[in-house]
$ cat work23.txt   # compact mmCIF, C-alpha atoms
# COMPACT_ATOMS: atom_id res chain seq x y z
CA MET A 1 10.12 1.19 23.77
CA GLU A 2 13.01 3.43 24.67
CA THR A 3 13.58 7.08 23.74
CA LEU A 4 17.14 8.33 23.24
CA ASN A 5 18.21 11.93 22.67
CA TYR A 6 21.50 13.16 21.26
CA ARG A 7 22.75 16.66 20.51
CA PHE A 8 25.99 17.43 18.70
CA GLU A 9 27.15 21.06 18.78
CA GLN A 10 28.99 23.19 16.25
CA GLY A 11 28.28 21.43 12.97
CA SER A 12 29.32 22.97 9.68
CA ARG A 13 27.01 21.49 7.01
CA LYS A 14 23.54 22.99 6.55
CA LEU A 15 20.86 21.13 4.65
CA ALA A 16 17.91 22.06 2.41
CA ALA A 17 14.69 23.38 3.95
CA GLU A 18 12.44 20.62 2.62
CA PRO A 19 12.07 17.72 5.11
CA LYS A 20 12.72 14.20 3.81
CA ILE A 21 11.83 10.74 5.06
CA VAL A 22 13.61 7.51 4.17
CA GLY A 23 13.12 3.91 5.27
CA VAL A 24 10.13 2.04 6.66
CA VAL A 25 9.23 1.03 10.22
CA SER A 26 9.33 -2.72 9.63
CA SER A 27 11.15 -5.53 11.37
CA GLY A 28 14.91 -4.92 11.37
CA ASN A 29 14.40 -1.59 9.66
CA LEU A 30 13.81 2.05 10.61
CA GLU A 31 12.55 5.35 9.24
CA VAL A 32 14.57 8.53 9.39
CA LEU A 33 12.88 11.94 9.20
CA ILE A 34 15.41 14.67 8.55
CA GLU A 35 14.65 18.40 8.53
CA SER A 36 16.30 21.76 8.94
CA ALA A 37 15.71 23.56 12.25
CA THR A 38 17.22 26.56 13.97
CA LEU A 39 19.36 24.88 16.61
CA ASP A 40 22.30 27.21 17.12
CA GLY A 41 24.51 25.16 14.80
CA ALA A 42 23.69 21.86 16.47
CA CYS A 43 22.32 18.54 15.19
CA GLU A 44 19.63 16.99 17.38
CA ILE A 45 18.69 13.34 17.06
CA VAL A 46 15.74 11.71 18.81
CA ILE A 47 15.35 7.96 18.57
CA GLN A 48 12.30 5.87 19.45
CA THR A 49 13.39 2.25 19.43
CA ALA A 50 11.54 -1.00 20.06
CA ALA A 51 14.77 -2.60 21.30
CA ALA A 52 15.49 -1.23 24.77
CA GLY A 53 18.94 -1.32 26.36
CA PHE A 54 21.21 -0.50 23.42
CA GLY A 55 22.03 3.09 24.40
CA PRO A 56 25.84 2.78 24.19
CA ILE A 57 25.66 1.30 20.67
CA TRP A 58 23.29 4.06 19.49
CA GLN A 59 25.67 6.61 21.02
CA ALA A 60 28.58 5.18 19.03
CA VAL A 61 26.62 4.98 15.76
CA MET A 62 25.30 8.56 16.14
CA HIS A 63 28.77 9.85 17.01
CA ASP A 64 30.27 8.22 13.92
CA PHE A 65 27.44 9.61 11.80
CA GLN A 66 28.02 13.17 13.00
CA GLN A 67 31.78 12.73 12.46
CA ARG A 68 31.05 11.83 8.80
CA TRP A 69 28.63 14.65 8.03
CA GLN A 70 29.17 17.48 10.57
CA LEU A 71 25.53 18.51 10.31
CA SER A 72 24.42 21.93 11.48
CA ASP A 73 20.90 23.18 12.30
CA THR A 74 19.45 19.76 11.57
CA ARG A 75 16.81 17.76 13.42
CA ILE A 76 16.63 14.01 12.90
CA ALA A 77 13.86 11.78 14.23
CA ILE A 78 14.12 8.00 14.05
CA ASN A 79 11.44 5.34 14.50
CA ASP A 80 13.31 2.06 14.88
CA MET A 81 12.08 -1.53 14.89
CA GLY A 82 15.27 -3.35 15.79
CA ALA A 83 17.58 -2.33 12.94
CA THR A 84 21.23 -3.39 13.23
CA PRO A 85 23.91 -0.67 13.58
CA ALA A 86 24.99 -1.13 9.96
CA VAL A 87 21.44 -0.63 8.71
CA VAL A 88 21.06 2.46 10.92
CA SER A 89 24.27 3.96 9.51
CA LEU A 90 23.27 3.29 5.90
CA ARG A 91 19.78 4.70 6.46
CA LEU A 92 21.17 7.87 8.06
CA ASP A 93 23.61 8.35 5.17
CA GLN A 94 20.71 7.81 2.74
CA ALA A 95 18.71 10.49 4.58
CA VAL A 96 21.53 13.06 4.30
CA GLU A 97 22.24 12.16 0.67
CA THR A 98 18.54 12.58 -0.16
CA MET A 99 18.65 16.03 1.47
CA LEU A 100 21.73 16.88 -0.59
CA GLY A 101 19.85 15.94 -3.75
CA GLY A 102 21.57 12.62 -4.37
CA ALA A 103 20.04 9.17 -4.76
CA SER A 104 16.88 8.64 -2.73
CA MET B 1 13.43 -3.50 -14.02
CA SER B 2 11.45 -1.53 -11.46
CA SER B 3 9.53 -4.17 -9.54
CA TYR B 4 6.29 -2.92 -7.97
CA LEU B 5 6.44 -5.81 -5.48
CA GLU B 6 9.89 -4.88 -4.22
CA ALA B 7 9.24 -1.14 -4.00
CA ASN B 8 7.98 0.48 -0.81
CA ALA B 9 4.98 2.80 -0.79
CA ARG B 10 6.97 5.98 -1.47
CA GLU B 11 9.02 4.32 -4.21
CA ARG B 12 5.78 3.26 -5.93
CA LEU B 13 4.81 6.93 -6.24
CA ALA B 14 7.30 6.92 -9.13
CA LEU B 15 4.38 5.76 -11.27
CA PHE B 16 3.05 9.33 -11.08
CA ASP B 17 4.63 12.26 -12.91
CA SER B 18 4.47 14.42 -9.80
CA PHE B 19 3.17 14.02 -6.27
CA GLU B 20 2.18 16.56 -3.62
CA GLU B 21 1.62 14.96 -0.23
CA PHE B 22 -1.17 15.89 2.20
CA VAL B 23 -0.35 15.58 5.93
CA GLY B 24 3.29 14.62 5.31
CA PRO B 25 5.54 12.83 7.79
CA ALA B 26 7.09 16.09 9.06
CA GLN B 27 3.70 16.89 10.63
CA ARG B 28 4.14 13.78 12.79
CA VAL B 29 0.47 12.79 12.90
CA VAL B 30 1.12 9.38 14.46
CA SER B 31 -1.15 6.72 15.92
CA PRO B 32 -2.25 7.57 19.47
CA HIS B 33 -3.03 3.90 20.14
CA LEU B 34 0.32 2.30 19.32
CA ALA B 35 2.19 4.50 21.80
CA GLN B 36 -0.20 3.36 24.56
CA LEU B 37 0.64 -0.24 23.65
CA ASN B 38 4.35 0.56 23.71
CA ALA B 39 4.60 -0.30 20.00
CA PRO B 40 6.62 1.59 17.35
CA VAL B 41 4.84 4.33 15.41
CA SER B 42 5.48 5.69 11.92
CA PHE B 43 5.43 9.41 11.06
CA ASP B 44 2.98 8.81 8.20
CA ASP B 45 1.06 6.00 9.99
CA GLY B 46 1.81 3.72 7.05
CA VAL B 47 0.06 5.61 4.25
CA VAL B 48 0.95 8.40 1.84
CA VAL B 49 -1.95 10.50 0.49
CA GLY B 50 -1.91 13.43 -1.87
CA ARG B 51 -2.56 14.85 -5.32
CA ALA B 52 -0.65 13.62 -8.33
CA ARG B 53 -0.22 13.94 -12.06
CA LEU B 54 -0.71 10.75 -14.06
CA GLY B 55 -0.15 11.32 -17.77
CA ASP B 56 -2.91 13.67 -18.93
CA TYR B 57 -4.87 13.25 -15.72
CA ALA B 58 -4.99 15.13 -12.43
CA VAL B 59 -5.61 12.48 -9.78
CA PHE B 60 -5.72 12.04 -6.04
CA ALA B 61 -3.80 9.05 -4.77
CA ALA B 62 -2.86 6.97 -1.74
CA ALA B 63 -0.14 4.38 -1.23
CA GLN B 64 -0.17 2.02 1.74
CA GLU B 65 3.14 0.87 3.24
CA GLY B 66 3.00 -2.90 3.64
CA GLY B 67 6.19 -2.94 5.67
CA PHE B 68 4.63 -1.01 8.56
CA MET B 69 2.29 -3.35 10.47
CA GLY B 70 1.39 -5.15 7.23
CA GLY B 71 -0.24 -2.01 5.84
CA ALA B 72 -2.99 -2.37 8.42
CA VAL B 73 -5.50 0.46 8.81
CA GLY B 74 -5.49 2.33 12.11
CA GLU B 75 -7.40 5.45 13.11
CA VAL B 76 -4.95 7.97 11.61
CA HIS B 77 -4.20 5.83 8.54
CA GLY B 78 -7.93 5.49 7.82
CA ALA B 79 -8.60 9.17 8.47
CA LYS B 80 -5.93 10.12 5.93
CA LEU B 81 -7.60 7.90 3.30
CA VAL B 82 -11.07 9.28 4.11
CA GLY B 83 -9.82 12.88 4.14
CA MET B 84 -8.18 12.42 0.74
CA LEU B 85 -11.35 10.87 -0.74
CA ARG B 86 -13.58 13.63 0.67
CA ARG B 87 -11.24 16.28 -0.67
CA ALA B 88 -11.48 14.52 -4.02
CA VAL B 89 -15.27 14.93 -3.91
CA ALA B 90 -14.77 18.65 -3.24
CA GLU B 91 -12.04 19.26 -5.80
CA LYS B 92 -13.15 16.83 -8.55
CA PRO B 93 -9.91 15.32 -9.87
CA ASP B 94 -10.13 13.04 -12.94
CA ALA B 95 -9.75 9.94 -10.77
CA VAL B 96 -8.59 8.53 -7.44
CA VAL B 97 -5.84 5.90 -7.58
CA LEU B 98 -5.37 3.67 -4.52
CA LEU B 99 -2.13 1.67 -4.25
CA LEU B 100 -3.35 -0.86 -1.69
CA GLU B 101 -1.11 -3.18 0.32
CA THR B 102 -2.82 -4.16 3.51
CA GLY B 103 -3.91 -6.91 5.85
CA GLY B 104 -7.07 -4.94 6.70
CA VAL B 105 -7.93 -3.49 10.09
CA ARG B 106 -5.05 -2.82 12.49
CA LEU B 107 -6.17 -5.01 15.37
CA HIS B 108 -4.15 -2.95 17.87
CA GLU B 109 -6.62 -0.14 17.29
CA ALA B 110 -9.70 -2.36 17.46
CA ASN B 111 -12.92 -0.37 17.05
CA ALA B 112 -11.16 2.75 15.78
CA GLY B 113 -9.64 0.67 12.97
CA LEU B 114 -12.93 -1.04 12.11
CA ILE B 115 -14.75 2.30 11.99
CA ALA B 116 -11.93 3.72 9.86
CA VAL B 117 -12.27 0.96 7.27
CA SER B 118 -16.06 1.35 7.08
CA GLU B 119 -15.58 5.09 6.59
CA VAL B 120 -13.10 4.41 3.78
CA MET B 121 -15.69 2.19 2.06
CA ARG B 122 -18.33 4.88 2.32
CA ALA B 123 -15.87 7.53 1.09
CA VAL B 124 -14.92 5.41 -1.96
CA LEU B 125 -18.58 5.00 -2.91
CA ASP B 126 -19.23 8.72 -2.29
CA ALA B 127 -16.33 9.60 -4.61
CA ARG B 128 -17.74 7.34 -7.31
CA ASP B 129 -21.17 8.83 -6.79
CA ALA B 130 -19.65 12.27 -7.34
CA GLY B 131 -18.47 11.05 -10.75
CA ILE B 132 -14.86 10.39 -9.77
CA PRO B 133 -13.65 6.95 -10.85
CA VAL B 134 -11.64 4.98 -8.26
CA ILE B 135 -8.83 2.74 -9.53
CA VAL B 136 -7.20 0.18 -7.20
CA LEU B 137 -3.71 -1.24 -7.81
CA ILE B 138 -2.69 -4.45 -5.99
CA GLY B 139 0.83 -5.77 -6.34
CA GLY B 140 2.49 -5.70 -2.93
CA ALA B 141 3.71 -8.68 -0.92
CA ASN B 142 0.90 -8.30 1.62
CA GLY B 143 -1.91 -8.24 -0.96
CA ALA B 144 -5.22 -6.60 -0.06
CA PHE B 145 -7.11 -8.46 2.66
CA GLY B 146 -9.83 -8.02 5.24
CA GLY B 147 -11.89 -4.87 5.20
CA MET B 148 -9.54 -3.32 2.66
CA GLY B 149 -10.23 -6.28 0.35
CA ILE B 150 -13.85 -5.13 0.45
CA VAL B 151 -12.77 -1.53 -0.16
CA ALA B 152 -10.87 -2.74 -3.22
CA ARG B 153 -14.00 -4.35 -4.64
CA CYS B 154 -15.89 -1.05 -4.14
CA ALA B 155 -13.67 0.53 -6.81
CA ASN B 156 -14.48 0.96 -10.52
CA THR B 157 -11.41 -0.89 -11.75
CA LEU B 158 -8.94 -3.24 -10.06
CA ILE B 159 -5.49 -3.83 -11.54
CA ILE B 160 -3.41 -6.67 -10.10
CA SER B 161 -0.14 -8.45 -10.76
CA GLU B 162 0.34 -12.20 -10.56
CA GLU B 163 2.12 -11.64 -7.25
CA GLY B 164 -0.75 -9.52 -5.91
CA ARG B 165 -3.43 -11.13 -3.77
CA LEU B 166 -7.00 -10.15 -3.02
CA ALA B 167 -9.31 -11.79 -0.50
CA MET B 168 -11.31 -11.32 2.67
CA SER B 169 -9.78 -13.69 5.26
CA GLY B 170 -6.05 -14.26 4.91
CA PRO B 171 -4.54 -17.77 4.72
CA GLU B 172 -3.45 -17.90 8.37
CA VAL B 173 -6.88 -16.72 9.50
CA ILE B 174 -8.63 -19.46 7.54
CA GLU B 175 -6.25 -22.13 8.84
CA THR B 176 -6.66 -20.93 12.43
CA ALA B 177 -10.45 -20.84 12.21
CA ASN B 178 -11.10 -23.96 10.11
CA GLY B 179 -8.05 -26.17 10.46
CA VAL B 180 -5.12 -27.12 8.27
CA GLU B 181 -7.24 -29.70 6.42
CA GLU B 182 -9.40 -26.84 5.16
CA PHE B 183 -6.53 -24.58 4.15
CA ASP B 184 -2.77 -25.05 4.59
CA SER B 185 -1.46 -21.50 4.86
CA ARG B 186 2.14 -22.68 4.37
CA ASP B 187 1.32 -24.14 0.95
CA ARG B 188 2.42 -21.12 -1.09
CA ALA B 189 1.18 -22.53 -4.39
CA LEU B 190 -2.27 -23.13 -2.89
CA VAL B 191 -2.34 -19.65 -1.35
CA TRP B 192 -1.49 -17.97 -4.66
CA ARG B 193 -3.82 -20.04 -6.83
CA THR B 194 -6.65 -19.27 -4.35
CA THR B 195 -6.05 -15.55 -3.75
CA GLY B 196 -3.42 -14.53 -6.32
CA GLY B 197 -3.78 -12.27 -9.33
CA LYS B 198 -4.35 -14.99 -11.93
CA HIS B 199 -7.25 -16.59 -10.05
CA ARG B 200 -8.80 -13.18 -9.38
CA TYR B 201 -8.55 -12.34 -13.08
CA LEU B 202 -10.13 -15.63 -14.12
CA MET B 203 -12.96 -15.20 -11.61
CA GLY B 204 -13.67 -11.65 -12.83
CA ASP B 205 -12.85 -10.03 -9.49
CA VAL B 206 -10.27 -7.76 -11.16
CA GLN B 207 -10.32 -6.14 -14.59
CA ARG B 208 -6.64 -6.21 -15.52
CA ILE B 209 -3.58 -8.30 -14.78
CA VAL B 210 -0.18 -6.76 -15.45
CA ASP B 211 3.50 -7.57 -15.09
CA ASP B 212 5.13 -6.82 -11.75
CA SER B 213 6.58 -3.46 -12.73
CA VAL B 214 5.84 0.16 -11.85
CA PRO B 215 5.54 1.22 -15.54
CA ALA B 216 3.08 -1.64 -16.23
CA PHE B 217 0.84 -0.52 -13.36
CA ARG B 218 1.14 3.09 -14.54
CA ALA B 219 0.12 2.28 -18.09
CA ALA B 220 -2.81 0.14 -16.93
CA ALA B 221 -4.04 2.86 -14.55
CA ILE B 222 -3.98 5.48 -17.31
CA GLU B 223 -5.86 3.14 -19.67
CA ALA B 224 -8.43 2.38 -16.98
CA ILE B 225 -9.15 6.09 -16.37
CA ALA B 226 -9.40 6.70 -20.13
CA ALA B 227 -11.78 3.74 -20.60
CA ILE B 228 -14.10 4.91 -17.81
CA ALA B 229 -14.10 8.47 -19.17
CA ALA B 230 -14.91 7.21 -22.68
CA ALA B 231 -17.80 5.04 -21.43
CA ARG B 232 -19.16 7.92 -19.34
CA ASP B 233 -18.99 10.33 -22.26
CA ALA B 234 -20.76 7.80 -24.47
CA GLN B 235 -23.62 7.85 -21.89
CA ASN B 236 -23.49 4.10 -21.41
CA GLY B 237 -21.35 3.87 -18.32
CA ALA B 238 -22.00 5.21 -14.83
CA VAL B 239 -19.06 6.00 -12.55
CA GLY B 240 -21.15 5.61 -9.41
CA LEU B 241 -22.40 2.28 -8.11
CA THR B 242 -25.82 1.52 -9.59
CA LEU B 243 -28.56 -0.91 -8.59
CA GLU B 244 -28.17 -2.66 -11.94
CA ALA B 245 -24.45 -3.15 -11.33
CA MET B 246 -25.15 -4.51 -7.83
CA GLU B 247 -27.74 -6.95 -9.19
CA ALA B 248 -25.42 -8.08 -11.97
CA GLU B 249 -22.69 -8.66 -9.39
CA GLN B 250 -25.06 -10.64 -7.19
CA ALA B 251 -26.13 -12.77 -10.17
CA MET B 252 -22.48 -13.39 -11.05
CA LEU B 253 -21.74 -14.53 -7.50
CA GLU B 254 -24.78 -16.81 -7.44
CA GLN B 255 -23.86 -18.57 -10.65
CA ARG B 256 -20.25 -18.77 -9.48
CA ILE B 257 -21.22 -20.65 -6.33
CA ALA B 258 -23.63 -22.83 -8.31
CA ARG B 259 -20.99 -23.77 -10.87
CA PHE B 260 -17.89 -24.01 -8.72
CA GLY B 261 -19.04 -24.17 -5.09
CA ALA B 262 -18.44 -27.91 -4.73
CA LEU B 263 -14.96 -27.90 -6.26
CA PRO B 264 -12.13 -28.27 -3.73
CA ASP B 265 -9.27 -26.49 -5.53
CA PRO B 266 -8.87 -23.59 -7.98
CA LEU B 267 -7.29 -26.05 -10.43
CA ASP B 268 -10.68 -27.80 -10.62
CA VAL B 269 -12.41 -24.44 -11.04
CA TRP B 270 -10.13 -23.51 -13.94
CA ALA B 271 -10.75 -26.89 -15.57
CA ALA B 272 -14.51 -26.46 -15.15
CA MET B 273 -14.25 -23.02 -16.78
CA GLY B 274 -12.71 -24.66 -19.81
CA VAL B 275 -9.17 -23.35 -19.38
CA GLY B 276 -6.87 -25.75 -21.23
CA LYS B 277 -4.09 -27.33 -19.14
CA PRO B 278 -5.01 -25.68 -15.82
CA ALA B 279 -1.92 -27.15 -14.13
CA GLU B 280 0.24 -24.98 -16.38
CA VAL B 281 -1.60 -21.74 -15.59
CA PRO B 282 0.69 -20.73 -12.70
CA MET B 283 3.73 -20.96 -15.00
CA LEU B 284 2.40 -18.69 -17.78
CA ASP B 285 3.65 -15.12 -18.18
CA VAL B 286 1.06 -12.34 -18.24
CA ALA B 287 0.68 -12.18 -22.03
CA ALA B 288 0.30 -15.96 -22.45
CA PHE B 289 -1.97 -16.13 -19.42
CA THR B 290 -4.37 -13.39 -20.57
CA ALA B 291 -4.55 -15.02 -24.01
CA ALA B 292 -5.44 -18.36 -22.38
CA ALA B 293 -7.78 -16.82 -19.80
CA ASN B 294 -9.78 -14.27 -21.80
CA PRO B 295 -12.11 -16.72 -23.62
CA HIS B 296 -13.09 -18.30 -20.30
CA ARG B 297 -12.93 -15.67 -17.56
CA GLN B 298 -16.01 -14.67 -15.57
CA GLY B 299 -17.61 -11.29 -15.14
CA VAL B 300 -17.06 -9.86 -18.61

$ encode --input "work23.txt" --output "structure tokens"
Amino acid sequence: METLNYRFEQGSRKLAAEPKIVGVVSSGNLEVLIESATLDGACEIVIQTAAAGFGPIWQAVMHDFQQRWQLSDTRIAINDMGATPAVVSLRLDQAVETMLGGAS
Amino acid sequence: MSSYLEANARERLALFDSFEEFVGPAQRVVSPHLAQLNAPVSFDDGVVVGRARLGDYAVFAAAQEGGFMGGAVGEVHGAKLVGMLRRAVAEKPDAVVLLLETGGVRLHEANAGLIAVSEVMRAVLDARDAGIPVIVLIGGANGAFGGMGIVARCANTLIISEEGRLAMSGPEVIETANGVEEFDSRDRALVWRTTGGKHRYLMGDVQRIVDDSVPAFRAAAIEAIAAIAAARDAQNGAVGLTLEAMEAEQAMLEQRIARFGALPDPLDVWAAMGVGKPAEVPMLDVAAFTAAANPHRQGV
């Protein structure tokens, strides 16, 4: 297992207060818990992954994600069981869209 | 078409009109054992518990996530089930509905998992004893096996789909313990005609078989609660487990082993029961199957 932490400052999009969870911790999949938190306008992401050694790829995927959504005062926690970068991106988008009241 | 099989635990909650979760994922009550083993955890430990609205009924409910460790029961997972059932005894909902999908005890958690499953069994029987009917739904890819298979059979009513499976030892366990000659776990047709919904319905181990859809499970669960309430109000049905029911069950099992114990394959069992064209049973849809099965099925 490897734990990765990311923090992106100065986001612009705030989310609803109610926490949401999407996805399942199964092989090649992940769960994303997304919640509002007072973080000085930042978005914090903590990742627990079963696949150690992929830090640079996670960094790129998280950076792209924050570029898309510009989240502010948001805490995201991920339990990963070897999901591919595409699956991670889709799951993160699903999490934000669920928070915004879209499709779950 | 909203397949129950394809849905995950949280998606299956769509069969309720509303759902209020107890100990939700944001509380992060995760397994203390998996972290020690360097294994991934889940924020809900693979089970959702809470109170729900189901048609005219206020119910308590649980849904196991088969995707996370095969729905296996660890210490936290089991404690959530037990806590929900005990709260049901205190708050007296109209029923408890368990959406089971599980391989049984989570072996990573060893004794804690075994104790958890035994506590769930006791809690189910306590809920029934308090007059709260327990309804079990089985339609996930992992079926209901091991200790949770026993929990399922502690319920008042079991509702299964053809794709659902119910048994004690799983196919791989039997093959490992007794050899491939005894049971070939890769023979999917054999696995399903031995543990699948149709066989369980014919043997009287479950009370209803439904199509693989969330609305079908919903409708059957509502009907099951209504039927138990009607029997209870007519003073001829107990919600709790009675000695008479236990003795009737024992007698059913004894005559089952006497009649079918020597037969090697469920196809032979179905033929011995008088089911016409047993080889065609696996191909029948639910309506045609129940019509063919009802005159012959056990335990009614």

$ closest_residue --input "work23.txt" --among "A:Gln59, A:Ser89, A:Thr49, A:Thr98" --to "chain B" --atoms "all atoms listed in the file"
A:Thr49

$ closest_atom_pairs --input "work23.txt" --of "range 73-92 of chain A" --to "range 16-40 of chain A" --cutoff "6 Å" --atoms "only C-alpha atoms" --output "CSV"
residue,atom,partner,partner_atom,distance
A:Asp73,CA,A:Leu39,CA,4.9
A:Thr74,CA,A:Ser36,CA,4.6
A:Arg75,CA,A:Glu35,CA,5.4
A:Ile76,CA,A:Ile34,CA,4.6
A:Ala77,CA,A:Leu33,CA,5.1
A:Ile78,CA,A:Val32,CA,4.7
A:Asn79,CA,A:Glu31,CA,5.4
A:Asp80,CA,A:Leu30,CA,4.3
A:Met81,CA,A:Ser27,CA,5.4
A:Gly82,CA,A:Gly28,CA,4.7
A:Ala83,CA,A:Gly28,CA,4.0

$ interface_residues --input "work23.txt" --of "chain B" --to "chain A" --cutoff "9 Å" --atoms "all atoms listed in the file" --output "number ranges by chain"
B: 8, 10, 25-26, 35, 38-43, 46, 65-70

$ atom_distance --input "work23.txt" --atom1 "CA of Val23 in chain B" --atom2 "CA of Glu11 in chain B"
17.8 Å

$ residues_around --input "work23.txt" --residues "Glu223 in chain B" --least-positions-apart "4" --cutoff "12 Å" --atoms "only C-alpha atoms" --output "list in words"
Leu54, Gly55, Asp56, Tyr57, Ala95, Ile135, Thr157, Leu158, Ile159, Gln207, Arg208, Ala216, Phe217, Arg218, Ala219, Ala227, Ile228, Ala229 and Ala230 of chain B

$ axis_aligned_box --input "work23.txt" --around "range 62-78 of chain A" --padding-each-side "3 Å" --output "JSON"
{"center_x": 22.8, "center_y": 15.6, "center_z": 12.5, "size_x": 23.9, "size_y": 21.2, "size_z": 15.0}

$ atom_distance --input "work23.txt" --atom1 "CA of Arg86 in chain B" --atom2 "CA of Glu119 in chain B"
10.6 Å

$ residues_around --input "work23.txt" --residues "Val96 in chain B" --least-positions-apart "3" --cutoff "12 Å" --atoms "only C-alpha atoms" --output "tab-separated table (two decimals) with C-alpha atoms, keeping the file's coordinate frame"
chain	number	residue	atom	x	y	z
B	49	VAL	CA	-1.95	10.50	0.49
B	50	GLY	CA	-1.91	13.43	-1.87
B	51	ARG	CA	-2.56	14.85	-5.32
B	52	ALA	CA	-0.65	13.62	-8.33
B	53	ARG	CA	-0.22	13.94	-12.06
B	54	LEU	CA	-0.71	10.75	-14.06
B	57	TYR	CA	-4.87	13.25	-15.72
B	58	ALA	CA	-4.99	15.13	-12.43
B	59	VAL	CA	-5.61	12.48	-9.78
B	60	PHE	CA	-5.72	12.04	-6.04
B	61	ALA	CA	-3.80	9.05	-4.77
B	62	ALA	CA	-2.86	6.97	-1.74
B	63	ALA	CA	-0.14	4.38	-1.23
B	81	LEU	CA	-7.60	7.90	3.30
B	82	VAL	CA	-11.07	9.28	4.11
B	84	MET	CA	-8.18	12.42	0.74
B	85	LEU	CA	-11.35	10.87	-0.74
B	86	ARG	CA	-13.58	13.63	0.67
B	87	ARG	CA	-11.24	16.28	-0.67
B	88	ALA	CA	-11.48	14.52	-4.02
B	89	VAL	CA	-15.27	14.93	-3.91
B	91	GLU	CA	-12.04	19.26	-5.80
B	92	LYS	CA	-13.15	16.83	-8.55
B	93	PRO	CA	-9.91	15.32	-9.87
B	99	LEU	CA	-2.13	1.67	-4.25
B	123	ALA	CA	-15.87	7.53	1.09
B	124	VAL	CA	-14.92	5.41	-1.96
B	125	LEU	CA	-18.58	5.00	-2.91
B	126	ASP	CA	-19.23	8.72	-2.29
B	127	ALA	CA	-16.33	9.60	-4.61
B	128	ARG	CA	-17.74	7.34	-7.31
B	130	ALA	CA	-19.65	12.27	-7.34
B	131	GLY	CA	-18.47	11.05	-10.75
B	132	ILE	CA	-14.86	10.39	-9.77
B	133	PRO	CA	-13.65	6.95	-10.85
B	134	VAL	CA	-11.64	4.98	-8.26
B	135	ILE	CA	-8.83	2.74	-9.53
B	136	VAL	CA	-7.20	0.18	-7.20
B	137	LEU	CA	-3.71	-1.24	-7.81
B	155	ALA	CA	-13.67	0.53	-6.81
B	156	ASN	CA	-14.48	0.96	-10.52
B	157	THR	CA	-11.41	-0.89	-11.75
B	221	ALA	CA	-4.04	2.86	-14.55
B	222	ILE	CA	-3.98	5.48	-17.31
B	224	ALA	CA	-8.43	2.38	-16.98
B	225	ILE	CA	-9.15	6.09	-16.37
B	239	VAL	CA	-19.06	6.00	-12.55

$ residues_near_point --input "work23.txt" --point "(0.2, -2.5, -9.6)" --cutoff "7 Å" --atoms "all atoms listed in the file" --output "ChimeraX atom specification"
/B:4,137-139,159-161,212,214,217

$ closest_residue --input "work23.txt" --among "A:Leu71, A:Val46, A:Ala86, A:Ile57" --to "Leu100 in chain A" --atoms "all atoms listed in the file"
A:Leu71

$ atom_distance --input "work23.txt" --atom1 "CA of His199 in chain B" --atom2 "CA of Pro266 in chain B"
7.5 Å

$ residues_around --input "work23.txt" --residues "Gln10 in chain A" --least-positions-apart "5" --cutoff "7 Å" --atoms "all atoms listed in the file" --output "list of chain:residue names"
A:Gly41, A:Ala42, A:Ser72
